[in-house]
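Chemist: Quick one, my_file_14.txt (compact mmCIF, C-alpha atoms):
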# COMPACT_ATOMS: atom_id res chain seq x y z
CA MET T 1 -15.00 -26.39 -4.66
CA ALA T 2 -15.90 -23.77 -2.03
CA THR T 3 -14.17 -20.42 -2.29
CA ARG T 4 -13.48 -18.25 0.74
CA VAL T 5 -12.73 -14.56 0.27
CA LEU T 6 -11.02 -12.72 3.10
CA VAL T 7 -10.49 -8.99 3.33
CA LEU T 8 -7.68 -8.13 5.76
CA LEU T 9 -7.77 -4.77 7.50
CA GLY T 10 -5.11 -2.90 9.40
CA THR T 11 -6.56 -0.19 11.64
CA LYS T 12 -5.50 2.17 14.40
CA LYS T 13 -6.92 -0.32 16.89
CA GLY T 14 -5.76 -3.70 15.67
CA ALA T 15 -6.33 -6.02 12.72
CA PHE T 16 -9.72 -7.22 11.48
CA THR T 17 -10.87 -9.77 8.91
CA LEU T 18 -14.03 -9.95 6.85
CA GLU T 19 -15.04 -13.20 5.16
CA SER T 20 -17.48 -14.13 2.40
CA ASP T 21 -17.94 -16.73 -0.31
CA ALA T 22 -17.35 -16.23 -4.03
CA ALA T 23 -20.62 -14.32 -4.43
CA ARG T 24 -19.36 -11.65 -2.00
CA ARG T 25 -22.89 -10.62 -0.99
CA SER T 26 -22.72 -11.06 2.79
CA TRP T 27 -19.73 -10.70 5.06
CA SER T 28 -18.78 -11.74 8.60
CA LEU T 29 -16.43 -9.53 10.63
CA ARG T 30 -13.87 -10.73 13.18
CA GLY T 31 -11.49 -8.76 15.38
CA PRO T 32 -9.91 -6.69 16.65
CA PHE T 33 -6.75 -8.80 16.76
CA CYS T 34 -3.14 -8.03 17.74
CA GLU T 35 -4.20 -6.72 21.16
CA THR T 36 -5.50 -3.57 19.44
CA TRP T 37 -2.00 -2.36 18.56
CA PRO T 38 -2.00 0.11 15.65
CA MET T 39 -1.59 -2.07 12.54
CA ASN T 40 -0.31 -0.22 9.46
CA HIS T 41 -0.37 -3.18 7.06
CA VAL T 42 -1.95 -6.64 7.15
CA ILE T 43 -1.13 -9.11 4.36
CA ALA T 44 -1.39 -12.82 3.63
CA ASP T 45 1.11 -15.18 2.07
CA PRO T 46 -1.01 -16.71 -0.73
CA ALA T 47 1.05 -19.90 -0.75
CA SER T 48 0.59 -20.76 2.93
CA GLY T 49 -2.39 -18.64 3.96
CA THR T 50 -0.37 -17.21 6.85
CA ILE T 51 -1.47 -13.69 7.83
CA TYR T 52 1.11 -11.10 8.84
CA ALA T 53 0.39 -7.74 10.47
CA GLY T 54 2.97 -4.99 10.82
CA GLY T 55 2.59 -2.01 13.10
CA GLY T 56 3.32 -0.46 16.45
CA ASN T 57 4.13 3.03 17.60
CA GLU T 58 6.42 4.89 20.00
CA TRP T 59 4.54 3.40 22.96
CA PHE T 60 4.29 -0.26 21.93
CA GLY T 61 7.39 -0.43 19.76
CA ALA T 62 7.57 -2.06 16.33
CA ALA T 63 6.65 -5.68 15.64
CA VAL T 64 5.26 -8.07 13.06
CA TRP T 65 2.35 -10.24 14.18
CA LYS T 66 1.65 -13.65 12.65
CA SER T 67 -1.37 -15.97 12.44
CA ALA T 68 -1.19 -19.40 10.81
CA ASP T 69 -4.89 -20.15 11.41
CA LEU T 70 -6.62 -17.24 9.63
CA GLY T 71 -6.68 -15.02 12.68
CA ARG T 72 -7.75 -17.34 15.47
CA THR T 73 -4.38 -17.16 17.27
CA TRP T 74 -1.49 -14.72 16.95
CA THR T 75 2.16 -14.36 17.94
CA HIS T 76 4.51 -11.47 17.32
CA SER T 77 8.22 -10.78 17.08
CA SER T 78 10.52 -7.78 16.91
CA ASP T 79 13.75 -9.79 17.08
CA GLY T 80 16.22 -7.92 14.88
CA LEU T 81 13.86 -5.04 14.04
CA ALA T 82 16.27 -2.39 15.26
CA TYR T 83 18.96 -0.04 14.04
CA GLU T 84 22.40 0.12 15.61
CA ALA T 85 22.90 1.85 18.94
CA GLY T 86 22.91 5.61 18.57
CA GLU T 87 20.54 5.69 15.60
CA ASP T 88 16.90 6.71 15.81
CA ALA T 89 14.73 3.94 17.19
CA ILE T 90 12.25 2.20 14.88
CA SER T 91 8.80 3.34 15.92
CA SER T 92 6.66 1.12 13.69
CA VAL T 93 6.44 -1.28 10.77
CA TRP T 94 4.70 0.43 7.86
CA SER T 95 4.59 -2.14 5.07
CA LEU T 96 5.00 -5.85 4.44
CA ALA T 97 5.63 -8.02 1.37
CA SER T 98 6.03 -11.77 0.98
CA ARG T 99 7.97 -13.47 -1.81
CA ASN T 100 9.40 -16.99 -2.22
CA GLY T 101 9.56 -17.73 1.49
CA GLN T 102 11.02 -14.36 2.44
CA LEU T 103 9.13 -11.66 4.30
CA TYR T 104 10.06 -7.98 3.95
CA ALA T 105 9.18 -5.13 6.30
CA GLY T 106 9.43 -1.40 5.61
CA VAL T 107 9.82 0.66 8.77
CA GLN T 108 9.86 4.18 10.20
CA PRO T 109 12.37 5.87 10.09
CA ALA T 110 12.73 4.55 6.55
CA GLY T 111 14.54 1.27 6.23
CA LEU T 112 14.02 -2.25 4.91
CA PHE T 113 14.28 -5.53 6.85
CA VAL T 114 14.01 -9.15 5.69
CA SER T 115 13.08 -12.36 7.47
CA ASP T 116 14.04 -15.83 6.23
CA ASP T 117 12.13 -17.66 8.98
CA HIS T 118 8.55 -16.42 8.49
CA GLY T 119 8.83 -13.36 10.69
CA GLN T 120 10.59 -14.85 13.71
CA THR T 121 13.87 -12.96 13.23
CA TRP T 122 14.84 -10.00 11.10
CA ALA T 123 17.94 -8.57 9.42
CA GLN T 124 18.41 -5.12 7.94
CA VAL T 125 18.90 -4.68 4.20
CA ALA T 126 21.90 -2.50 4.90
CA GLY T 127 22.49 -1.31 1.33
CA LEU T 128 19.43 0.93 1.46
CA ARG T 129 20.20 2.36 4.89
CA GLU T 130 23.74 3.14 3.69
CA HIS T 131 22.63 4.82 0.46
CA PRO T 132 24.63 8.03 -0.12
CA THR T 133 21.45 10.10 -0.40
CA ARG T 134 20.19 8.89 3.00
CA PRO T 135 21.37 11.91 5.04
CA LYS T 136 19.25 14.19 2.82
CA TRP T 137 15.98 12.25 3.02
CA GLN T 138 13.15 14.32 4.46
CA PRO T 139 9.99 13.09 6.20
CA GLY T 140 6.56 13.49 4.64
CA GLY T 141 3.41 14.29 6.58
CA ALA T 142 3.34 10.84 8.21
CA GLY T 143 7.08 10.82 8.87
CA LEU T 144 10.02 9.25 7.05
CA ILE T 145 8.38 5.96 6.09
CA LEU T 146 9.09 3.10 3.71
CA HIS T 147 5.54 2.27 2.68
CA SER T 148 5.74 0.48 -0.69
CA ILE T 149 7.62 -2.79 -1.32
CA VAL T 150 7.34 -4.17 -4.86
CA PRO T 151 9.36 -7.36 -5.51
CA HIS T 152 9.96 -8.53 -9.07
CA PRO T 153 7.79 -11.63 -9.64
CA ALA T 154 10.51 -13.64 -11.42
CA ASP T 155 13.89 -12.11 -10.56
CA PRO T 156 14.72 -12.44 -6.83
CA ASP T 157 17.43 -9.80 -7.10
CA GLN T 158 15.10 -7.04 -8.24
CA MET T 159 12.85 -4.91 -6.04
CA TRP T 160 11.37 -1.43 -5.98
CA ILE T 161 10.52 0.53 -2.84
CA GLY T 162 8.76 3.84 -2.18
CA ILE T 163 9.77 6.22 0.61
CA SER T 164 7.96 9.35 1.66
CA ALA T 165 9.58 11.74 1.06
CA ALA T 166 12.67 10.33 -0.65
CA GLY T 167 11.18 8.77 -3.78
CA VAL T 168 11.35 5.46 -5.60
CA PHE T 169 14.48 3.28 -5.42
CA HIS T 170 15.36 0.07 -7.27
CA THR T 171 17.83 -2.73 -6.61
CA ALA T 172 19.05 -5.26 -9.17
CA ASP T 173 21.46 -7.09 -6.86
CA GLY T 174 19.34 -8.27 -3.96
CA GLY T 175 19.54 -5.05 -1.97
CA ARG T 176 23.29 -4.46 -1.91
CA THR T 177 22.97 -1.32 -4.03
CA TRP T 178 20.01 0.93 -4.87
CA GLU T 179 19.34 3.42 -7.64
CA PRO T 180 16.89 6.35 -7.41
CA ARG T 181 14.20 6.04 -10.09
CA ASN T 182 12.32 9.32 -10.10
CA SER T 183 12.98 10.84 -13.52
CA GLY T 184 9.86 12.69 -14.68
CA THR T 185 8.11 12.98 -11.30
CA ARG T 186 7.59 16.48 -9.95
CA CYS T 187 8.24 18.16 -6.63
CA ASP T 188 5.74 21.02 -6.82
CA PHE T 189 6.72 22.10 -3.31
CA LEU T 190 10.26 22.99 -4.49
CA PRO T 191 11.35 26.09 -6.45
CA GLU T 192 10.65 25.73 -10.18
CA ALA T 193 14.32 25.25 -11.09
CA GLU T 194 14.51 22.29 -8.68
CA ARG T 195 11.18 20.68 -9.49
CA TYR T 196 12.60 17.45 -10.98
CA PRO T 197 15.38 16.30 -8.61
CA GLU T 198 17.10 12.91 -8.64
CA PHE T 199 15.47 12.06 -5.30
CA GLY T 200 13.28 13.74 -2.68
CA GLN T 201 9.91 13.13 -4.32
CA CYS T 202 6.95 12.41 -2.04
CA VAL T 203 5.75 9.14 -3.54
CA HIS T 204 2.48 7.99 -1.95
CA CYS T 205 1.97 4.54 -3.48
CA LEU T 206 3.85 2.30 -5.92
CA VAL T 207 2.31 -0.74 -7.65
CA MET T 208 3.22 -3.14 -10.47
CA ALA T 209 1.03 -4.17 -13.39
CA PRO T 210 0.19 -7.90 -13.55
CA ASP T 211 2.40 -9.91 -15.93
CA GLN T 212 4.31 -6.76 -16.94
CA PRO T 213 6.95 -6.12 -14.28
CA ASP T 214 8.43 -3.18 -16.18
CA ARG T 215 5.09 -1.34 -16.03
CA LEU T 216 4.75 0.52 -12.75
CA TYR T 217 2.14 3.00 -11.55
CA GLN T 218 2.82 5.68 -8.98
CA GLN T 219 0.45 7.94 -7.07
CA ASN T 220 2.55 10.86 -5.94
CA HIS T 221 1.94 13.88 -3.76
CA CYS T 222 2.38 15.78 -7.02
CA GLY T 223 0.64 13.78 -9.73
CA MET T 224 -0.17 10.34 -11.09
CA TYR T 225 2.42 8.52 -13.21
CA ARG T 226 3.13 5.42 -15.27
CA SER T 227 6.49 3.89 -16.20
CA GLU T 228 7.13 1.34 -18.94
CA ASP T 229 10.80 0.72 -18.07
CA GLY T 230 10.84 -0.21 -14.43
CA GLY T 231 10.78 3.34 -13.16
CA GLN T 232 13.74 4.69 -15.13
CA HIS T 233 11.36 7.20 -16.70
CA TRP T 234 7.89 8.31 -15.60
CA GLU T 235 5.12 10.00 -17.58
CA SER T 236 2.15 11.85 -16.16
CA ILE T 237 -1.27 10.20 -16.55
CA GLU T 238 -3.25 12.61 -14.36
CA ALA T 239 -5.13 14.34 -17.21
CA GLY T 240 -8.83 13.69 -16.73
CA LEU T 241 -8.64 13.17 -12.97
CA PRO T 242 -10.32 15.64 -10.59
CA SER T 243 -7.09 16.13 -8.65
CA SER T 244 -3.39 15.38 -8.93
CA PHE T 245 -3.36 14.41 -5.24
CA GLY T 246 -4.27 11.11 -3.63
CA PHE T 247 -2.83 8.12 -1.85
CA PRO T 248 -3.83 4.60 -3.02
CA ALA T 249 -3.43 2.95 -6.42
CA VAL T 250 -4.66 -0.58 -7.18
CA THR T 251 -3.99 -2.67 -10.27
CA HIS T 252 -6.43 -5.17 -11.73
CA PRO T 253 -5.33 -8.77 -10.98
CA ARG T 254 -5.10 -9.72 -14.67
CA ASP T 255 -5.29 -6.63 -16.88
CA PRO T 256 -2.11 -4.49 -16.83
CA SER T 257 -3.97 -1.51 -18.32
CA THR T 258 -6.70 -1.34 -15.66
CA LEU T 259 -6.00 0.73 -12.57
CA TYR T 260 -8.09 2.14 -9.73
CA LEU T 261 -7.52 5.40 -7.84
CA LEU T 262 -9.35 7.38 -5.20
CA PRO T 263 -8.25 11.02 -5.63
CA LEU T 264 -8.61 13.55 -2.83
CA ASN T 265 -9.22 17.27 -3.19
CA GLY T 266 -5.64 18.37 -2.53
CA ASP T 267 -2.88 18.47 0.01
CA ILE T 268 -3.98 21.72 1.69
CA ALA T 269 -7.71 21.68 0.87
CA GLY T 270 -8.83 19.13 3.45
CA ARG T 271 -7.66 15.83 1.94
CA TYR T 272 -11.15 14.43 1.41
CA VAL T 273 -13.01 13.27 -1.70
CA PRO T 274 -13.58 16.18 -4.12
CA GLU T 275 -16.75 18.19 -3.41
CA GLY T 276 -17.71 15.68 -0.71
CA LYS T 277 -18.82 13.22 -3.42
CA ALA T 278 -17.09 9.84 -3.33
CA ALA T 279 -15.81 8.15 -6.48
CA VAL T 280 -13.31 5.50 -7.38
CA TRP T 281 -11.67 6.42 -10.69
CA ARG T 282 -10.85 3.66 -13.16
CA THR T 283 -8.77 3.53 -16.32
CA ARG T 284 -8.88 0.67 -18.80
CA ASP T 285 -6.06 1.96 -21.02
CA GLY T 286 -3.16 2.67 -18.72
CA GLY T 287 -4.23 6.18 -17.81
CA ALA T 288 -5.11 7.67 -21.19
CA ARG T 289 -8.76 8.00 -20.08
CA TRP T 290 -10.43 7.91 -16.68
CA GLU T 291 -14.01 7.30 -15.57
CA ALA T 292 -15.61 7.98 -12.19
CA MET T 293 -17.31 4.98 -10.58
CA ARG T 294 -19.91 6.40 -8.17
CA ASN T 295 -22.82 3.93 -8.06
CA GLY T 296 -23.47 3.11 -4.39
CA LEU T 297 -20.91 5.54 -2.98
CA PRO T 298 -22.09 8.58 -0.95
CA GLN T 299 -22.65 11.64 -3.14
CA GLU T 300 -23.11 14.30 -0.49
CA ASN T 301 -21.44 15.26 2.76
CA ALA T 302 -18.65 12.71 2.33
CA PHE T 303 -15.55 14.19 3.94
CA PHE T 304 -13.43 11.09 4.32
CA GLY T 305 -10.13 10.08 2.81
CA VAL T 306 -8.61 6.74 1.83
CA LEU T 307 -5.00 6.20 2.83
CA ARG T 308 -2.10 4.87 0.79
CA GLN T 309 -2.52 1.14 1.64
CA ALA T 310 -6.29 1.13 2.15
CA MET T 311 -7.42 -0.14 -1.28
CA ALA T 312 -7.09 -3.62 -2.76
CA ALA T 313 -8.51 -6.02 -5.32
CA ASP T 314 -9.16 -9.75 -5.13
CA ARG T 315 -8.27 -12.26 -7.87
CA LEU T 316 -11.79 -13.48 -8.68
CA ASP T 317 -13.51 -12.93 -12.03
CA PRO T 318 -15.02 -10.39 -12.01
CA ALA T 319 -12.51 -8.86 -9.65
CA GLY T 320 -13.61 -7.41 -6.34
CA VAL T 321 -12.31 -3.99 -5.34
CA TYR T 322 -12.25 -2.70 -1.76
CA ALA T 323 -11.61 0.74 -0.21
CA GLY T 324 -11.38 1.51 3.51
CA THR T 325 -11.84 5.04 4.81
CA ASN T 326 -10.16 6.96 7.58
CA THR T 327 -13.62 7.16 9.18
CA GLY T 328 -13.91 3.38 9.54
CA THR T 329 -16.12 2.35 6.61
CA LEU T 330 -15.18 -0.38 4.14
CA PHE T 331 -16.70 -0.11 0.66
CA ALA T 332 -16.70 -3.10 -1.69
CA SER T 333 -17.45 -3.76 -5.34
CA ALA T 334 -17.95 -7.30 -6.67
CA ASP T 335 -18.09 -6.13 -10.29
CA GLU T 336 -14.76 -4.37 -10.89
CA GLY T 337 -15.99 -1.00 -9.65
CA GLU T 338 -19.30 -0.72 -11.47
CA SER T 339 -21.30 -0.69 -8.21
CA TRP T 340 -20.43 -0.35 -4.54
CA THR T 341 -21.83 -1.17 -1.13
CA SER T 342 -20.71 -0.65 2.46
CA ILE T 343 -19.73 -3.99 4.05
CA ALA T 344 -18.40 -2.66 7.39
CA GLN T 345 -18.96 0.53 9.34
CA HIS T 346 -17.88 2.16 12.61
CA LEU T 347 -14.46 0.55 12.60
CA PRO T 348 -11.33 2.40 13.73
CA PRO T 349 -9.59 4.42 11.00
CA ILE T 350 -8.61 1.93 8.30
CA LEU T 351 -4.92 2.04 7.43
CA SER T 352 -4.62 -0.92 5.06
CA VAL T 353 -6.75 -3.30 2.98
CA GLU T 354 -5.53 -6.55 1.41
CA THR T 355 -7.26 -9.74 0.24
CA LEU T 356 -6.82 -13.50 0.42
CA VAL T 357 -8.79 -15.96 -1.72
CA ILE T 358 -8.82 -19.57 -0.53
CA ASP T 359 -10.00 -22.38 -2.80
CA ALA T 360 -10.97 -25.17 -0.40
What do you get writing this file as structure tokens?
Modeler:
Amino acid sequence: MATRVLVLLGTKKGAFTLESDAARRSWSLRGPFCETWPMNHVIADPASGTIYAGGGNEWFGAAVWKSADLGRTWTHSSDGLAYEAGEDAISSVWSLASRNGQLYAGVQPAGLFVSDDHGQTWAQVAGLREHPTRPKWQPGGAGLILHSIVPHPADPDQMWIGISAAGVFHTADGGRTWEPRNSGTRCDFLPEAERYPEFGQCVHCLVMAPDQPDRLYQQNHCGMYRSEDGGQHWESIEAGLPSSFGFPAVTHPRDPSTLYLLPLNGDIAGRYVPEGKAAVWRTRDGGARWEAMRNGLPQENAFFGVLRQAMAADRLDPAGVYAGTNTGTLFASADEGESWTSIAQHLPPILSVETLVIDA
């Protein structure tokens, strides 16, 4: 059986795909797709192989693009991707998630939409937009964006989302009501007496451990955290990291205690890899200990960053890990982070990285 491995990239100038076999030694690049619109997130539905790309901006508008033939042809739709008259217009789609035939889109200004017809038409998940805390949400550096969508793998009524800078929210009733889940996460930018509010945290990335839906990991503007109860309580796991600041977090496809991060040097220190030396940091025990994986990554004059959706892992064994930089380079490891190589260079700034493995 031949295995095809695809890495899906969202960039500031369209979507790209890279393809290899199970050995992951050589890669072919295709793109740009989506008429070079800015693409914030490109994903694949593993059941059908359909690729979806969400993006846009104030000039193009917001839309979700779709390819049913692995990128050869594309269509797009924005039908229903709008707030009511008088509200701020949606400028772009920031995140996508597929589950059980439904497709979700997180947008800017922060809101959640769902499609029951594979991205042709969209409806707002009104319960989140009508949340009583909504008037007090504040934008982060990239704006008021819903960038993380984490559906429960078994319970269709449960979902977690991350909004910068409003925090983590959870629904247990299919989106009708939402509960802030930020207890234990800091807001270092607030006065000390207000450092642990109910909401208002600048969450950067939210991911779920495989086979343990109550275990969540969160990279925050102000620290790295783990929760063992679905986000009701968070504990810091940043001890041992070179910085409390970063954007992406990636879980191993099978091991709930293995996690990958790419810390940056701080929010006001340049937002590049510490000391200009690139490393992906890995924990094998849920954040109790961290190790820097540097083999093959540049160790001098590296002043790039990796954005919140620009790291991913594939499901092969050993797992592949991928990181795309804001300077247009894609690094890959075929041995779970032990060694790295550059598999694409000189691309537009990479905004998202996801994978699709096809057993044909």
Chemist: May I ask which of the residues T:Gly101, T:Gly56, T:Pro180, T:Pro298 is the closest one to T:Pro132, counting only C-alpha atoms?
Modeler: T:Pro180
Chemist: Enter the distance from atom CA of T:Arg24 to atom CA of T:Met311, in Å, rounded to one decimal.
Modeler: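 Rounded to one decimal, the two atoms are 16.6 Å apart.
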Chemist: Which one is closest to T:Val64: T:Trp27, T:Tyr225, T:Tyr104, T:Tyr83? Count only C-alpha atoms.
Modeler: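 Closest residue, counting only C-alpha atoms: T:Tyr104.
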Chemist: Kindly indicate which residue among T:Arg186, T:Arg308, T:His41, T:His147 lies nearest to T:Gly246, using all atoms listed in the file for the distances.
Modeler: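 Nearest to T:Gly246: T:Arg308.
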Chemist: Point out the residue among T:His170, T:His221, T:His131, T:Arg4 with the least atom-to-atom distance to T:Glu19, counting all atoms listed in the file.
Modeler: T:Arg4
Chemist: Can you work out the spacing between atom CA of T:Gly324 and atom CA of T:Val7 in Å, to one decimal?
Modeler: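 Distance between the two atoms: 10.5 Å.
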Chemist: Give me, please, the distance in Å between atom CA of T:Ser339 and atom CA of T:Asn295, quoted to one decimal.
Modeler: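 These two atoms are separated by 4.9 Å.
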Chemist: Quick one: residues within 9 Å of T:Tyr196, all atoms listed in the file, excluding same-chain residues fewer than 3 positions away - as a short mmCIF file (atom, residue, chain, number, x, y, z; two decimals) with C-alpha atoms, keeping the file's coordinate frame?
Modeler:
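Okay, out_26.cif is ready:
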data_model
loop_
_atom_site.label_atom_id
_atom_site.label_comp_id
_atom_site.auth_asym_id
_atom_site.auth_seq_id
_atom_site.Cartn_x
_atom_site.Cartn_y
_atom_site.Cartn_z
CA ASN T 182 12.32 9.32 -10.10
CA SER T 183 12.98 10.84 -13.52
CA GLY T 184 9.86 12.69 -14.68
CA THR T 185 8.11 12.98 -11.30
CA ARG T 186 7.59 16.48 -9.95
CA CYS T 187 8.24 18.16 -6.63
CA ASP T 188 5.74 21.02 -6.82
CA LEU T 190 10.26 22.99 -4.49
CA GLU T 192 10.65 25.73 -10.18
CA ALA T 193 14.32 25.25 -11.09
CA PHE T 199 15.47 12.06 -5.30
CA GLN T 201 9.91 13.13 -4.32
#
Chemist: Need the shell around T:Ala110: protein/DNA/RNA residues with any atom at most 6 Å away, counting only C-alpha atoms. Skip same-chain ones fewer than 3 positions apart. Format as an MDAnalysis selection string?
Modeler: chainID T and resid 107 144:146
Chemist: If you keep C-alpha atoms, can you produce a file of those selected residues as an mmCIF file, keeping the file's coordinate frame?
Modeler:
data_model
loop_
_atom_site.group_PDB
_atom_site.id
_atom_site.type_symbol
_atom_site.label_atom_id
_atom_site.label_comp_id
_atom_site.auth_asym_id
_atom_site.auth_seq_id
_atom_site.Cartn_x
_atom_site.Cartn_y
_atom_site.Cartn_z
ATOM 1 C CA VAL T 107 9.820 0.660 8.770
ATOM 2 C CA LEU T 144 10.020 9.250 7.050
ATOM 3 C CA ILE T 145 8.380 5.960 6.090
ATOM 4 C CA LEU T 146 9.090 3.100 3.710
#
Chemist: Would you list the contacts of T:Ser20 as a ChimeraX atom specification, taking every protein, DNA or RNA residue within 10 Å and counting all atoms listed in the file, but skipping same-chain residues closer than 2 positions in sequence?
Modeler: /T:3-7,18,22-29,357
Chemist: Reconstruct stretch 147-167 of chain T at the level of N, CA and C atoms, and format the result as a PDB file, keeping the file's coordinate frame.
Modeler:
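selection_37.pdb was written with the following content:
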ATOM      1  N   HIS T 147       6.920   2.750   2.698  1.00  0.00           N
ATOM      2  CA  HIS T 147       5.540   2.270   2.680  1.00  0.00           C
ATOM      3  C   HIS T 147       5.196   1.381   1.496  1.00  0.00           C
ATOM      4  N   SER T 148       6.031   1.317   0.476  1.00  0.00           N
ATOM      5  CA  SER T 148       5.740   0.480  -0.690  1.00  0.00           C
ATOM      6  C   SER T 148       6.913  -0.457  -0.935  1.00  0.00           C
ATOM      7  N   ILE T 149       6.622  -1.760  -1.018  1.00  0.00           N
ATOM      8  CA  ILE T 149       7.620  -2.790  -1.320  1.00  0.00           C
ATOM      9  C   ILE T 149       7.094  -3.587  -2.498  1.00  0.00           C
ATOM     10  N   VAL T 150       7.815  -3.542  -3.619  1.00  0.00           N
ATOM     11  CA  VAL T 150       7.340  -4.170  -4.860  1.00  0.00           C
ATOM     12  C   VAL T 150       8.419  -5.124  -5.370  1.00  0.00           C
ATOM     13  N   PRO T 151       8.379  -6.399  -4.992  1.00  0.00           N
ATOM     14  CA  PRO T 151       9.360  -7.360  -5.510  1.00  0.00           C
ATOM     15  C   PRO T 151       9.067  -7.717  -6.965  1.00  0.00           C
ATOM     16  N   HIS T 152      10.125  -8.010  -7.714  1.00  0.00           N
ATOM     17  CA  HIS T 152       9.960  -8.530  -9.070  1.00  0.00           C
ATOM     18  C   HIS T 152       9.407  -9.949  -8.975  1.00  0.00           C
ATOM     19  N   PRO T 153       8.419 -10.306  -9.793  1.00  0.00           N
ATOM     20  CA  PRO T 153       7.790 -11.630  -9.640  1.00  0.00           C
ATOM     21  C   PRO T 153       8.669 -12.799 -10.073  1.00  0.00           C
ATOM     22  N   ALA T 154       9.695 -12.544 -10.900  1.00  0.00           N
ATOM     23  CA  ALA T 154      10.510 -13.640 -11.420  1.00  0.00           C
ATOM     24  C   ALA T 154      11.979 -13.535 -11.061  1.00  0.00           C
ATOM     25  N   ASP T 155      12.472 -12.332 -10.843  1.00  0.00           N
ATOM     26  CA  ASP T 155      13.890 -12.110 -10.560  1.00  0.00           C
ATOM     27  C   ASP T 155      14.066 -11.787  -9.083  1.00  0.00           C
ATOM     28  N   PRO T 156      14.616 -12.691  -8.267  1.00  0.00           N
ATOM     29  CA  PRO T 156      14.720 -12.440  -6.830  1.00  0.00           C
ATOM     30  C   PRO T 156      15.671 -11.320  -6.460  1.00  0.00           C
ATOM     31  N   ASP T 157      16.496 -10.887  -7.393  1.00  0.00           N
ATOM     32  CA  ASP T 157      17.430  -9.800  -7.100  1.00  0.00           C
ATOM     33  C   ASP T 157      16.826  -8.424  -7.286  1.00  0.00           C
ATOM     34  N   GLN T 158      15.673  -8.354  -7.940  1.00  0.00           N
ATOM     35  CA  GLN T 158      15.100  -7.040  -8.240  1.00  0.00           C
ATOM     36  C   GLN T 158      13.949  -6.702  -7.290  1.00  0.00           C
ATOM     37  N   MET T 159      13.917  -5.417  -6.896  1.00  0.00           N
ATOM     38  CA  MET T 159      12.850  -4.910  -6.040  1.00  0.00           C
ATOM     39  C   MET T 159      12.798  -3.400  -6.176  1.00  0.00           C
ATOM     40  N   TRP T 160      11.588  -2.868  -6.041  1.00  0.00           N
ATOM     41  CA  TRP T 160      11.370  -1.430  -5.980  1.00  0.00           C
ATOM     42  C   TRP T 160      10.774  -1.092  -4.621  1.00  0.00           C
ATOM     43  N   ILE T 161      11.132   0.073  -4.086  1.00  0.00           N
ATOM     44  CA  ILE T 161      10.520   0.530  -2.840  1.00  0.00           C
ATOM     45  C   ILE T 161      10.149   2.001  -2.993  1.00  0.00           C
ATOM     46  N   GLY T 162       9.164   2.438  -2.199  1.00  0.00           N
ATOM     47  CA  GLY T 162       8.760   3.840  -2.180  1.00  0.00           C
ATOM     48  C   GLY T 162       8.892   4.397  -0.781  1.00  0.00           C
ATOM     49  N   ILE T 163       9.531   5.559  -0.678  1.00  0.00           N
ATOM     50  CA  ILE T 163       9.770   6.220   0.610  1.00  0.00           C
ATOM     51  C   ILE T 163       9.218   7.628   0.535  1.00  0.00           C
ATOM     52  N   SER T 164       8.454   7.982   1.547  1.00  0.00           N
ATOM     53  CA  SER T 164       7.960   9.350   1.660  1.00  0.00           C
ATOM     54  C   SER T 164       8.773  10.055   2.741  1.00  0.00           C
ATOM     55  N   ALA T 165       9.556  11.114   2.357  1.00  0.00           N
ATOM     56  CA  ALA T 165       9.580  11.740   1.060  1.00  0.00           C
ATOM     57  C   ALA T 165      11.007  11.686   0.490  1.00  0.00           C
ATOM     58  N   ALA T 166      11.367  10.498  -0.011  1.00  0.00           N
ATOM     59  CA  ALA T 166      12.670  10.330  -0.650  1.00  0.00           C
ATOM     60  C   ALA T 166      12.530   9.852  -2.083  1.00  0.00           C
ATOM     61  N   GLY T 167      11.410   9.176  -2.406  1.00  0.00           N
ATOM     62  CA  GLY T 167      11.180   8.770  -3.780  1.00  0.00           C
ATOM     63  C   GLY T 167      11.180   7.269  -3.957  1.00  0.00           C
TER      64      GLY T 167
END
